[in-house]
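Reading through the structure tokens given below for one structure.
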Amino acid sequence: MEFGTAGLRAPMGAGISHMNDLTIIQTTQGFCRYLEEQFSDLKQRGVVISFDARAHPSSGGSSRRFARLAATTFISQGIPVHLFSDVTPTPFVPYTVSHLKLCAGIMITASHNPKQDNGYKVYWDNGAQIIAPHDKGISQAIEENLEPWPQAWDDSLIDDSPLLHNPSASINTSYFEDLKKYCFHRTINRETKVKFVHTSVHGVGHNFVQLAFKAFDLVPPEAVPQQKDPDPEFPTVKYPNPEEGKGVLTLSFALADKTKAKIILANDPDADRLAVAEKQDSGEWRVFSGNELGALLGWWLFTSWKEKNPDRNALKDIYMLSSTVSSKILRAIALKEGFHFEETLTGFKWMGNRAKQLMDQGKTVLFAFEEAIGYMCCPFVLDKDGVSAAVISAELASFLATKNLSLSQQLKAIYVEYGYHITKASYFICHNQDTIKKLFGNLRNYDGKNNYPKTCGKFEISAIRDLTTGYDDSQPDKKAVLPTSKSSQMITFTFANGGVATMRTSGTEPKIKYYAELCAPPGNSDPEQLKKELNALVNAIEENFFQPQKYNLQPKSE
């Protein structure tokens with residue numbers, strides 16, 4: 001296992017490539033030594049540690065046990081630890097770091113990965129996930145502290161330690177108090193007839209979403225009974241990932257049909273992501289993509305802000321962010337409405353850190369999102385948060401209902417006003433690093449003369465940005481503006497027809513992903529025609545750039 005900016009993620013079990021007591025102790029010892037170097041007041045401020053409900057009976061590993069061992073490491077060195085007494089959503093860790101002004105935070109979770117996996121996610125004192133060079137610094141410190149310290153295994157010593165604090169009650173109170181500031185229509189919420197179903201997909205979200213609804217004076221959603229309690233076996237789903245769409249939502253659809261609920265809210269197991277589905281007039285369920293929900297939430301948070309701040313001068317300090325593989329819909333809204341939009345590299349670590357920089361300059365960050373169903377609706381958490389996103393989506397739906405509008409109708413209205421943005425994303429599975437290098441190497445040397453492709457099938461390419469090498473032919477000096485990383489592959493093609501497509505490797509899974517989007521100008525476009533064109537573009541990319549037969553790539557299974 002190598003410690004990166006996403007921390008660690010690997011299967012639980014014995015051996016140095018797995019998550020187990022020893023590798024957790026080694027990782028925490030390194031992290032502890034690194035923090036001692038970086039913060040002279042570490043012993044005054046301390047760290048926060050929380051965990052999800054994952055467990056691996058055959059090896060004895062579990063998120064709770066790993067969290068206790070990590071706490072033992074810090075306490076043995078005289079460092080205060082705020083260790084949650086029970087499972088929490090991931091966003092509670094960055095929230096606690098910011099709220100209590102701690103030096104760092106650790107969350108033991110593998111989010112929506114398969115059940116055998118676990119992970120170790122790290123937050124810096126600014127409340128955002130770590131970025132370089134901290135990953136290298138921590139990684140090096142781990143290598144220098146591989147031998148367990150004398151009391152490393154004895155987690156019973158923390159129970160009576162004055163350095164151990166349980167933040168559960170106070171953080172629960174303050175988080176939901178802070179959340180109330182993002183409730184704009186309490187009267188509508190009290191009276192709404194819109195019914196919601198919620199699933200936490202065997203994860204930690206249930207209690208927290210119930211409390212969030214109460215904080216907004218909404219009737220709490222009906223919970224899918226088979227999935228509401230944490231269960232490390234995830235017995236009712238193949239993958240505990242609401243991004244996978246309808247398969248994960250089967251039980252939610254059934255409950256919603258039974259209770260006549262129109263909207264389903266689904267969190268992933270560590271409740272930092274959110275999927276939303278809405279029943280259409282046809283009786284079909286529509287699962288919104290991450291980009292579609294990003295458009296709805298971005299529009300809603302701006303509209304609600306504007307009602308409270310009618311002065312147009314205030315717009316110059318308003319920002320929204322999204323990652324470079326997400327829809328450019330926020331850019332279109334920002335251009336028309338007069339606020340700022342910025343794009344970051346993929347992943348919330350970039351958006352969280354950028355948001356903090358902007359806030360430190362006195363700016364307001366209204367919203368940030370990524371297409372992988374991650375939303376930061378409340379900047380008191382500098383990371384994606386599926387709890388706040390769920391209740392804000394519920395208030396949005398309740399508000400629209402008073403205007404006799406559905407989420408789908410409002411989404412269409414956004415596209416008509418700001419321009420249709422049609423997206424399509426998928427991936428191929430590839431376990432062989434050499435194959436991945438060959439595939440991307442071929443794109444950089446498409447004609448045998450070290451040139452990128454000029455066309456993709458019948459589609460003409462107008463610009464290329466390669467964030468692995470730092471090349472961008474749309475810049476005067478041909479150098480990319482966003483940071484580059486040699487360790488991951490990422491190339492973006494801009495097409496003459498207004499299409500943009502990015503191919504990249506995943507940091508946490510054996511996948512080569514692609515993201516394609518067609519952006520039309522505001523006005524009356526034909527979405528069906530745009531969809532056809534986008535599908536043709538995606539097919540050309542799969543056939544010409546991925547070449548699945550040649551490279552023996554496995555397509556996403558439906």
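Residues are named by chain letter and number: chains run A, B, ... in the order of the structure tokens, numbers start at 1 in each chain, and ligands are numbered from 1 in the order shown.
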Might you pull out every residue within 8 Å of range 215-232 of chain A, with only C-alpha atoms counted and same-chain residues fewer than 5 positions away left off, and present them as an mmCIF file with all heavy atoms, in the first residue's frame?
```
data_model
loop_
_atom_site.group_PDB
_atom_site.id
_atom_site.type_symbol
_atom_site.label_atom_id
_atom_site.label_comp_id
_atom_site.auth_asym_id
_atom_site.auth_seq_id
_atom_site.Cartn_x
_atom_site.Cartn_y
_atom_site.Cartn_z
ATOM 1 N N ALA A 53 -18.890 1.771 9.546
ATOM 2 C CA ALA A 53 -19.307 0.503 10.162
ATOM 3 C C ALA A 53 -18.673 -0.725 9.500
ATOM 4 O O ALA A 53 -19.141 -1.842 9.681
ATOM 5 C CB ALA A 53 -20.828 0.395 10.105
ATOM 6 N N ARG A 54 -17.613 -0.544 8.725
ATOM 7 C CA ARG A 54 -17.032 -1.683 8.026
ATOM 8 C C ARG A 54 -16.353 -2.660 8.988
ATOM 9 O O ARG A 54 -15.759 -2.238 9.982
ATOM 10 C CB ARG A 54 -16.023 -1.203 6.982
ATOM 11 C CG ARG A 54 -16.722 -0.600 5.775
ATOM 12 C CD ARG A 54 -15.780 -0.021 4.756
ATOM 13 N NE ARG A 54 -16.553 0.470 3.620
ATOM 14 C CZ ARG A 54 -16.731 -0.199 2.485
ATOM 15 N NH1 ARG A 54 -16.142 -1.359 2.289
ATOM 16 N NH2 ARG A 54 -17.483 0.297 1.518
ATOM 17 N N ALA A 55 -16.425 -3.945 8.638
ATOM 18 C CA ALA A 55 -15.792 -4.978 9.463
ATOM 19 C C ALA A 55 -15.481 -6.185 8.600
ATOM 20 O O ALA A 55 -16.147 -6.428 7.594
ATOM 21 C CB ALA A 55 -16.718 -5.379 10.609
ATOM 22 N N HIS A 56 -14.459 -6.914 9.022
ATOM 23 C CA HIS A 56 -13.984 -8.075 8.257
ATOM 24 C C HIS A 56 -13.736 -9.204 9.255
ATOM 25 O O HIS A 56 -12.616 -9.393 9.743
ATOM 26 C CB HIS A 56 -12.679 -7.663 7.547
ATOM 27 C CG HIS A 56 -12.175 -8.660 6.564
ATOM 28 N ND1 HIS A 56 -11.020 -9.392 6.768
ATOM 29 C CD2 HIS A 56 -12.650 -9.042 5.352
ATOM 30 C CE1 HIS A 56 -10.806 -10.174 5.720
ATOM 31 N NE2 HIS A 56 -11.779 -9.986 4.855
ATOM 32 N N LYS A 115 -17.300 -4.587 0.020
ATOM 33 C CA LYS A 115 -17.342 -4.756 1.479
ATOM 34 C C LYS A 115 -16.008 -5.155 2.109
ATOM 35 O O LYS A 115 -15.770 -4.881 3.277
ATOM 36 C CB LYS A 115 -18.420 -5.771 1.857
ATOM 37 C CG LYS A 115 -18.111 -7.203 1.392
ATOM 38 C CD LYS A 115 -19.191 -8.183 1.846
ATOM 39 C CE LYS A 115 -18.836 -9.613 1.457
ATOM 40 N NZ LYS A 115 -19.886 -10.557 1.870
ATOM 41 N N PHE A 176 -25.767 20.463 13.429
ATOM 42 C CA PHE A 176 -27.152 20.707 12.987
ATOM 43 C C PHE A 176 -27.576 22.158 13.239
ATOM 44 O O PHE A 176 -28.412 22.688 12.511
ATOM 45 C CB PHE A 176 -28.104 19.687 13.613
ATOM 46 C CG PHE A 176 -27.875 18.293 13.064
ATOM 47 C CD1 PHE A 176 -27.271 17.303 13.826
ATOM 48 C CD2 PHE A 176 -28.202 17.992 11.744
ATOM 49 C CE1 PHE A 176 -27.019 16.039 13.292
ATOM 50 C CE2 PHE A 176 -27.956 16.738 11.203
ATOM 51 C CZ PHE A 176 -27.364 15.758 11.984
ATOM 52 N N GLU A 177 -26.978 22.811 14.235
ATOM 53 C CA GLU A 177 -27.213 24.251 14.415
ATOM 54 C C GLU A 177 -26.673 25.029 13.214
ATOM 55 O O GLU A 177 -27.335 25.913 12.674
ATOM 56 C CB GLU A 177 -26.547 24.756 15.703
ATOM 57 C CG GLU A 177 -27.382 24.574 16.962
ATOM 58 C CD GLU A 177 -28.804 25.128 16.826
ATOM 59 O OE1 GLU A 177 -28.976 26.314 16.475
ATOM 60 O OE2 GLU A 177 -29.762 24.363 17.073
ATOM 61 N N LEU A 179 -26.181 23.850 10.266
ATOM 62 C CA LEU A 179 -26.950 23.460 9.084
ATOM 63 C C LEU A 179 -28.220 24.300 8.933
ATOM 64 O O LEU A 179 -28.642 24.618 7.813
ATOM 65 C CB LEU A 179 -27.293 21.965 9.178
ATOM 66 C CG LEU A 179 -27.974 21.327 7.971
ATOM 67 C CD1 LEU A 179 -27.115 21.478 6.708
ATOM 68 C CD2 LEU A 179 -28.240 19.838 8.231
ATOM 69 N N LYS A 180 -28.812 24.686 10.082
ATOM 70 C CA LYS A 180 -30.070 25.450 10.046
ATOM 71 C C LYS A 180 -29.937 26.766 9.265
ATOM 72 O O LYS A 180 -30.915 27.278 8.741
ATOM 73 C CB LYS A 180 -30.552 25.754 11.475
ATOM 74 C CG LYS A 180 -31.164 24.555 12.171
ATOM 75 C CD LYS A 180 -31.550 24.887 13.601
ATOM 76 C CE LYS A 180 -32.080 23.637 14.313
ATOM 77 N NZ LYS A 180 -32.295 23.874 15.745
ATOM 78 N N CYS A 183 -31.334 26.689 5.784
ATOM 79 C CA CYS A 183 -32.770 26.448 5.610
ATOM 80 C C CYS A 183 -33.406 27.786 5.250
ATOM 81 O O CYS A 183 -33.350 28.731 6.029
ATOM 82 C CB CYS A 183 -33.351 25.913 6.920
ATOM 83 S SG CYS A 183 -35.121 25.690 6.850
ATOM 84 N N ARG A 186 -38.639 27.632 5.944
ATOM 85 C CA ARG A 186 -39.143 26.820 7.051
ATOM 86 C C ARG A 186 -40.664 26.633 6.983
ATOM 87 O O ARG A 186 -41.173 25.542 7.239
ATOM 88 C CB ARG A 186 -38.742 27.515 8.353
ATOM 89 C CG ARG A 186 -38.433 26.578 9.473
ATOM 90 C CD ARG A 186 -37.690 27.244 10.607
ATOM 91 N NE ARG A 186 -36.242 27.108 10.481
ATOM 92 C CZ ARG A 186 -35.585 25.969 10.687
ATOM 93 N NH1 ARG A 186 -36.232 24.872 10.996
ATOM 94 N NH2 ARG A 186 -34.282 25.923 10.559
ATOM 95 N N ASN A 189 -41.533 24.107 4.435
ATOM 96 C CA ASN A 189 -41.117 22.782 4.905
ATOM 97 C C ASN A 189 -42.142 22.182 5.865
ATOM 98 O O ASN A 189 -42.443 20.989 5.813
ATOM 99 C CB ASN A 189 -39.753 22.854 5.606
ATOM 100 C CG ASN A 189 -38.634 23.252 4.655
ATOM 101 O OD1 ASN A 189 -38.827 23.282 3.440
ATOM 102 N ND2 ASN A 189 -37.471 23.568 5.201
ATOM 103 N N ARG A 190 -42.670 23.042 6.754
ATOM 104 C CA ARG A 190 -43.645 22.540 7.748
ATOM 105 C C ARG A 190 -44.915 22.031 7.082
ATOM 106 O O ARG A 190 -45.561 21.119 7.574
ATOM 107 C CB ARG A 190 -44.025 23.674 8.717
ATOM 108 C CG ARG A 190 -42.952 23.960 9.735
ATOM 109 C CD ARG A 190 -43.456 24.864 10.857
ATOM 110 N NE ARG A 190 -42.314 25.349 11.619
ATOM 111 C CZ ARG A 190 -41.921 26.629 11.655
ATOM 112 N NH1 ARG A 190 -42.602 27.546 10.994
ATOM 113 N NH2 ARG A 190 -40.867 26.985 12.353
ATOM 114 N N THR A 192 -45.292 21.111 3.679
ATOM 115 C CA THR A 192 -45.171 20.406 2.396
ATOM 116 C C THR A 192 -45.846 19.029 2.411
ATOM 117 O O THR A 192 -45.862 18.344 3.432
ATOM 118 C CB THR A 192 -43.700 20.252 1.981
ATOM 119 O OG1 THR A 192 -43.664 19.685 0.661
ATOM 120 C CG2 THR A 192 -42.932 19.321 2.913
ATOM 121 N N LYS A 195 -43.484 13.720 -0.281
ATOM 122 C CA LYS A 195 -43.004 12.612 0.562
ATOM 123 C C LYS A 195 -41.661 12.120 0.052
ATOM 124 O O LYS A 195 -41.436 12.036 -1.161
ATOM 125 C CB LYS A 195 -44.003 11.458 0.527
ATOM 126 C CG LYS A 195 -45.215 11.660 1.388
ATOM 127 C CD LYS A 195 -46.033 10.383 1.345
ATOM 128 C CE LYS A 195 -47.131 10.392 2.392
ATOM 129 N NZ LYS A 195 -47.991 9.206 2.185
ATOM 130 N N PHE A 196 -40.783 11.764 0.990
ATOM 131 C CA PHE A 196 -39.434 11.316 0.644
ATOM 132 C C PHE A 196 -39.161 9.920 1.185
ATOM 133 O O PHE A 196 -39.647 9.552 2.255
ATOM 134 C CB PHE A 196 -38.393 12.269 1.242
ATOM 135 C CG PHE A 196 -38.535 13.685 0.765
ATOM 136 C CD1 PHE A 196 -39.304 14.607 1.475
ATOM 137 C CD2 PHE A 196 -37.914 14.101 -0.404
ATOM 138 C CE1 PHE A 196 -39.445 15.914 1.028
ATOM 139 C CE2 PHE A 196 -38.048 15.413 -0.859
ATOM 140 C CZ PHE A 196 -38.817 16.317 -0.137
ATOM 141 N N VAL A 197 -38.379 9.169 0.439
ATOM 142 C CA VAL A 197 -37.826 7.901 0.932
ATOM 143 C C VAL A 197 -36.317 8.086 1.004
ATOM 144 O O VAL A 197 -35.719 8.726 0.145
ATOM 145 C CB VAL A 197 -38.196 6.737 -0.019
ATOM 146 C CG1 VAL A 197 -37.221 5.575 0.103
ATOM 147 C CG2 VAL A 197 -39.614 6.251 0.276
ATOM 148 N N HIS A 198 -35.714 7.544 2.067
ATOM 149 C CA HIS A 198 -34.249 7.656 2.211
ATOM 150 C C HIS A 198 -33.637 6.273 2.401
ATOM 151 O O HIS A 198 -34.178 5.447 3.116
ATOM 152 C CB HIS A 198 -33.895 8.535 3.415
ATOM 153 C CG HIS A 198 -32.420 8.585 3.702
ATOM 154 N ND1 HIS A 198 -31.855 8.023 4.830
ATOM 155 C CD2 HIS A 198 -31.385 9.093 2.978
ATOM 156 C CE1 HIS A 198 -30.537 8.218 4.801
ATOM 157 N NE2 HIS A 198 -30.231 8.852 3.693
ATOM 158 N N THR A 199 -32.503 6.035 1.728
ATOM 159 C CA THR A 199 -31.733 4.835 2.033
ATOM 160 C C THR A 199 -30.304 5.208 2.365
ATOM 161 O O THR A 199 -29.718 6.088 1.736
ATOM 162 C CB THR A 199 -31.730 3.807 0.884
ATOM 163 O OG1 THR A 199 -30.871 2.725 1.274
ATOM 164 C CG2 THR A 199 -31.220 4.382 -0.430
ATOM 165 N N SER A 200 -29.784 4.537 3.393
ATOM 166 C CA SER A 200 -28.376 4.752 3.750
ATOM 167 C C SER A 200 -27.518 3.591 3.248
ATOM 168 O O SER A 200 -26.341 3.511 3.555
ATOM 169 C CB SER A 200 -28.227 4.953 5.256
ATOM 170 O OG SER A 200 -29.209 4.256 5.961
ATOM 171 N N VAL A 201 -28.123 2.691 2.457
ATOM 172 C CA VAL A 201 -27.405 1.563 1.818
ATOM 173 C C VAL A 201 -26.493 0.842 2.819
ATOM 174 O O VAL A 201 -25.302 0.653 2.578
ATOM 175 C CB VAL A 201 -26.610 2.033 0.568
ATOM 176 C CG1 VAL A 201 -26.138 0.847 -0.257
ATOM 177 C CG2 VAL A 201 -27.470 2.917 -0.325
ATOM 178 N N HIS A 202 -27.087 0.450 3.971
ATOM 179 C CA HIS A 202 -26.359 -0.308 5.003
ATOM 180 C C HIS A 202 -25.200 0.465 5.615
ATOM 181 O O HIS A 202 -24.285 -0.115 6.197
ATOM 182 C CB HIS A 202 -25.828 -1.636 4.453
ATOM 183 C CG HIS A 202 -26.869 -2.516 3.851
ATOM 184 N ND1 HIS A 202 -27.905 -3.045 4.584
ATOM 185 C CD2 HIS A 202 -27.051 -2.940 2.581
ATOM 186 C CE1 HIS A 202 -28.681 -3.775 3.781
ATOM 187 N NE2 HIS A 202 -28.187 -3.726 2.561
ATOM 188 N N GLY A 203 -25.218 1.802 5.441
ATOM 189 C CA GLY A 203 -24.114 2.608 5.973
ATOM 190 C C GLY A 203 -24.537 3.414 7.189
ATOM 191 O O GLY A 203 -25.429 3.015 7.945
ATOM 192 N N VAL A 204 -23.907 4.576 7.365
ATOM 193 C CA VAL A 204 -24.042 5.329 8.610
ATOM 194 C C VAL A 204 -25.062 6.465 8.543
ATOM 195 O O VAL A 204 -25.309 7.155 9.526
ATOM 196 C CB VAL A 204 -22.676 5.938 9.021
ATOM 197 C CG1 VAL A 204 -21.625 4.834 9.132
ATOM 198 C CG2 VAL A 204 -22.218 6.996 8.024
ATOM 199 N N GLY A 205 -25.690 6.691 7.375
ATOM 200 C CA GLY A 205 -26.429 7.933 7.156
ATOM 201 C C GLY A 205 -27.746 8.099 7.889
ATOM 202 O O GLY A 205 -28.193 9.227 8.124
ATOM 203 N N HIS A 206 -28.407 6.984 8.259
ATOM 204 C CA HIS A 206 -29.815 7.050 8.689
ATOM 205 C C HIS A 206 -30.093 8.109 9.760
ATOM 206 O O HIS A 206 -30.875 9.035 9.549
ATOM 207 C CB HIS A 206 -30.289 5.674 9.167
ATOM 208 C CG HIS A 206 -31.669 5.709 9.755
ATOM 209 N ND1 HIS A 206 -32.804 5.851 8.985
ATOM 210 C CD2 HIS A 206 -32.105 5.685 11.046
ATOM 211 C CE1 HIS A 206 -33.874 5.886 9.777
ATOM 212 N NE2 HIS A 206 -33.477 5.791 11.018
ATOM 213 N N VAL A 209 -29.480 11.850 8.686
ATOM 214 C CA VAL A 209 -30.433 12.438 7.745
ATOM 215 C C VAL A 209 -31.772 12.700 8.456
ATOM 216 O O VAL A 209 -32.422 13.725 8.216
ATOM 217 C CB VAL A 209 -30.584 11.556 6.488
ATOM 218 C CG1 VAL A 209 -31.761 12.003 5.624
ATOM 219 C CG2 VAL A 209 -29.285 11.596 5.676
ATOM 220 N N GLN A 210 -32.159 11.801 9.357
ATOM 221 C CA GLN A 210 -33.374 12.037 10.143
ATOM 222 C C GLN A 210 -33.251 13.355 10.924
ATOM 223 O O GLN A 210 -34.161 14.189 10.927
ATOM 224 C CB GLN A 210 -33.611 10.872 11.128
ATOM 225 C CG GLN A 210 -33.876 9.520 10.468
ATOM 226 C CD GLN A 210 -35.294 9.368 9.939
ATOM 227 O OE1 GLN A 210 -36.262 9.714 10.595
ATOM 228 N NE2 GLN A 210 -35.421 8.843 8.726
ATOM 229 N N LEU A 251 -34.903 -1.523 -3.750
ATOM 230 C CA LEU A 251 -35.743 -1.534 -2.545
ATOM 231 C C LEU A 251 -36.350 -0.153 -2.287
ATOM 232 O O LEU A 251 -37.472 -0.042 -1.787
ATOM 233 C CB LEU A 251 -34.920 -1.984 -1.331
ATOM 234 C CG LEU A 251 -34.475 -3.451 -1.340
ATOM 235 C CD1 LEU A 251 -33.459 -3.715 -0.230
ATOM 236 C CD2 LEU A 251 -35.670 -4.396 -1.176
ATOM 237 N N SER A 252 -35.612 0.898 -2.636
ATOM 238 C CA SER A 252 -36.136 2.267 -2.463
ATOM 239 C C SER A 252 -37.336 2.505 -3.371
ATOM 240 O O SER A 252 -38.341 3.089 -2.951
ATOM 241 C CB SER A 252 -35.057 3.300 -2.789
ATOM 242 O OG SER A 252 -33.917 3.099 -1.984
ATOM 243 N N LEU A 255 -40.391 0.734 -1.889
ATOM 244 C CA LEU A 255 -40.952 1.430 -0.721
ATOM 245 C C LEU A 255 -41.639 2.732 -1.149
ATOM 246 O O LEU A 255 -42.718 3.070 -0.659
ATOM 247 C CB LEU A 255 -39.844 1.728 0.305
ATOM 248 C CG LEU A 255 -40.300 2.470 1.560
ATOM 249 C CD1 LEU A 255 -41.304 1.648 2.365
ATOM 250 C CD2 LEU A 255 -39.112 2.865 2.435
ATOM 251 N N VAL A 391 -30.833 17.069 2.734
ATOM 252 C CA VAL A 391 -31.918 17.906 3.287
ATOM 253 C C VAL A 391 -32.119 19.162 2.428
ATOM 254 O O VAL A 391 -33.250 19.648 2.262
ATOM 255 C CB VAL A 391 -31.665 18.232 4.780
ATOM 256 C CG1 VAL A 391 -30.563 19.278 4.966
ATOM 257 C CG2 VAL A 391 -32.957 18.697 5.443
ATOM 258 N N GLU A 395 -35.594 20.336 0.646
ATOM 259 C CA GLU A 395 -36.215 21.662 0.710
ATOM 260 C C GLU A 395 -36.454 22.219 -0.701
ATOM 261 O O GLU A 395 -37.487 22.823 -0.979
ATOM 262 C CB GLU A 395 -35.348 22.640 1.516
ATOM 263 C CG GLU A 395 -35.997 24.010 1.589
ATOM 264 C CD GLU A 395 -35.272 25.002 2.493
ATOM 265 O OE1 GLU A 395 -34.276 25.618 2.051
ATOM 266 O OE2 GLU A 395 -35.706 25.165 3.643
#
```
>> List as a list in words the protein and nucleic acid residues near Leu358 in chain A, meaning an atom at most 12 Å away when only C-alpha atoms are counted, but skip any in the same chain fewer than 5 places from it.
In response: Asp317, Ile318, Tyr319, Met320, Leu321, His340, Phe341, Glu342, Met351, Gly352, Asn353, Lys363, Thr364, Val365, Leu366, Pro379 and Leu382 of chain A
> CA of Gly374 in chain A and CA of Thr423 in chain A, how far apart in Å?
Replying inline: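 Computing the Euclidean distance for CA of Thr423 in chain A and CA of Gly374 in chain A yields 16.1 Å.
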>> I need the alpha helix (DSSP H) residues of range 236-485 of chain A per DSSP on the backbone, written as a VMD selection string.
In response: chain A and resid 246 to 259 290 to 308 329 to 337 348 to 360 386 to 402 407 to 418 433 to 444
> What are the DSSP strand (DSSP E) residues of range 45-221 of chain A, as number ranges by chain?
Replying inline: A: 47-51, 55-56, 61-62, 81-83, 104-108, 117-123, 164-165, 196-199
> From the list A:Asp360, A:Glu233, A:Asp383, A:Glu371, which residue is nearest Ala271 in chain A when using only C-alpha atoms?
Replying inline: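 The closest residue to Ala271 in chain A is A:Asp383.
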> By how many Å are CA of Thr484 in chain A and CA of Lys437 in chain A apart?
Replying inline: 16.5 Å
>> Give me the residues near Ala520 in chain A as a list in words, where near means some atom within 12 Å (using only C-alpha atoms) and where sequence neighbours in that chain fewer than 2 positions away do not count.
In response: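 Neighbouring residues, sequence-local ones excluded: Lys328, Ile329, Ala332, Tyr415, Val416, Glu417, Tyr418, Gly419, Tyr420, His421, Ile422, Thr423, Asn497, Gly498, Gly499, Val500, Glu517, Leu518, Pro522, Gly523, Asn524, Ser525, Asp526, Pro527, Gln529, Leu530, Lys531, Glu533 and Leu534 of chain A.
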>> List as JSON, numbers by chain the protein and nucleic acid residues near Ala390 in chain A, meaning an atom at most 10 Å away when only C-alpha atoms are counted, but skip any in the same chain fewer than 2 places from it.
In response: {"A": [198, 209, 212, 213, 264, 265, 266, 267, 271, 273, 274, 275, 276, 375, 377, 385, 386, 387, 388, 392, 393, 394, 395, 396]}
> Distance CA of Gln116 in chain A-CA of Met12 in chain A, one decimal place?
Replying inline: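 For CA of Gln116 in chain A relative to CA of Met12 in chain A, the distance reads 5.9 Å.
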> Hey, which of A:Thr508, A:Thr73, A:Gln409, A:Ser139 ends up closest to Asp117 in chain A? Count only C-alpha atoms.
Replying inline: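 When distances to Asp117 in chain A are compared using only C-alpha atoms, the smallest one comes from A:Thr508.
Every protein, DNA or RNA residue with an atom at most 8 Å from Asp270 in chain A, where only C-alpha atoms count and chain neighbours fewer than 6 positions away do not, is listed here: A:Asp52, A:Thr88, A:Pro89, A:Thr90, A:Thr109, A:Ala110, A:Ser111, A:His112, A:Gly203, A:Val204, A:Gly205.
All residues of protein, DNA or RNA that reach within 7 Å of range 41-47 of chain A, judged by only C-alpha atoms and not counting those fewer than 6 positions away in the chain, are Gly78, Ile79, Pro80, Val81, His82, Leu102, Cys103, Ala104 and Gly105 of chain A.
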Expected file: the selected residues, N, CA, C and O atoms, as a compact mmCIF listing (two decimals), in the first residue's frame:
```
# COMPACT_ATOMS: atom_id res chain seq x y z
N GLY A 78 1.20 11.56 24.06
CA GLY A 78 0.75 12.74 24.79
C GLY A 78 -0.07 13.71 23.96
O GLY A 78 -0.18 14.90 24.27
N ILE A 79 -0.68 13.21 22.87
CA ILE A 79 -1.45 14.09 21.97
C ILE A 79 -2.95 13.85 22.19
O ILE A 79 -3.40 12.70 22.14
N PRO A 80 -3.72 14.91 22.44
CA PRO A 80 -5.17 14.73 22.67
C PRO A 80 -5.89 14.20 21.43
O PRO A 80 -5.59 14.61 20.30
N VAL A 81 -6.84 13.30 21.66
CA VAL A 81 -7.61 12.72 20.56
C VAL A 81 -9.10 12.88 20.83
O VAL A 81 -9.59 12.53 21.91
N HIS A 82 -9.80 13.43 19.85
CA HIS A 82 -11.26 13.50 19.90
C HIS A 82 -11.76 12.32 19.08
O HIS A 82 -11.77 12.37 17.85
N LEU A 102 -8.53 21.90 15.25
CA LEU A 102 -7.56 20.84 15.51
C LEU A 102 -6.47 20.83 14.43
O LEU A 102 -6.58 21.51 13.41
N CYS A 103 -5.42 20.04 14.66
CA CYS A 103 -4.32 19.97 13.68
C CYS A 103 -4.63 19.04 12.52
O CYS A 103 -4.08 19.23 11.42
N ALA A 104 -5.45 18.02 12.75
CA ALA A 104 -5.69 17.05 11.68
C ALA A 104 -6.90 16.19 12.01
O ALA A 104 -7.38 16.18 13.15
N GLY A 105 -7.36 15.45 11.00
CA GLY A 105 -8.47 14.52 11.20
C GLY A 105 -8.21 13.24 10.44
O GLY A 105 -7.57 13.26 9.39
```
>> I'd like the neighbourhood of Trp305 in chain A as a PyMOL selection string, where a residue qualifies if any of its atoms comes within 12 Å (using only C-alpha atoms), though same-chain residues fewer than 2 positions away should be ignored.
In response: chain A and resi 181-184+297-303+307-312+314-315+318-319+339+364-367+377
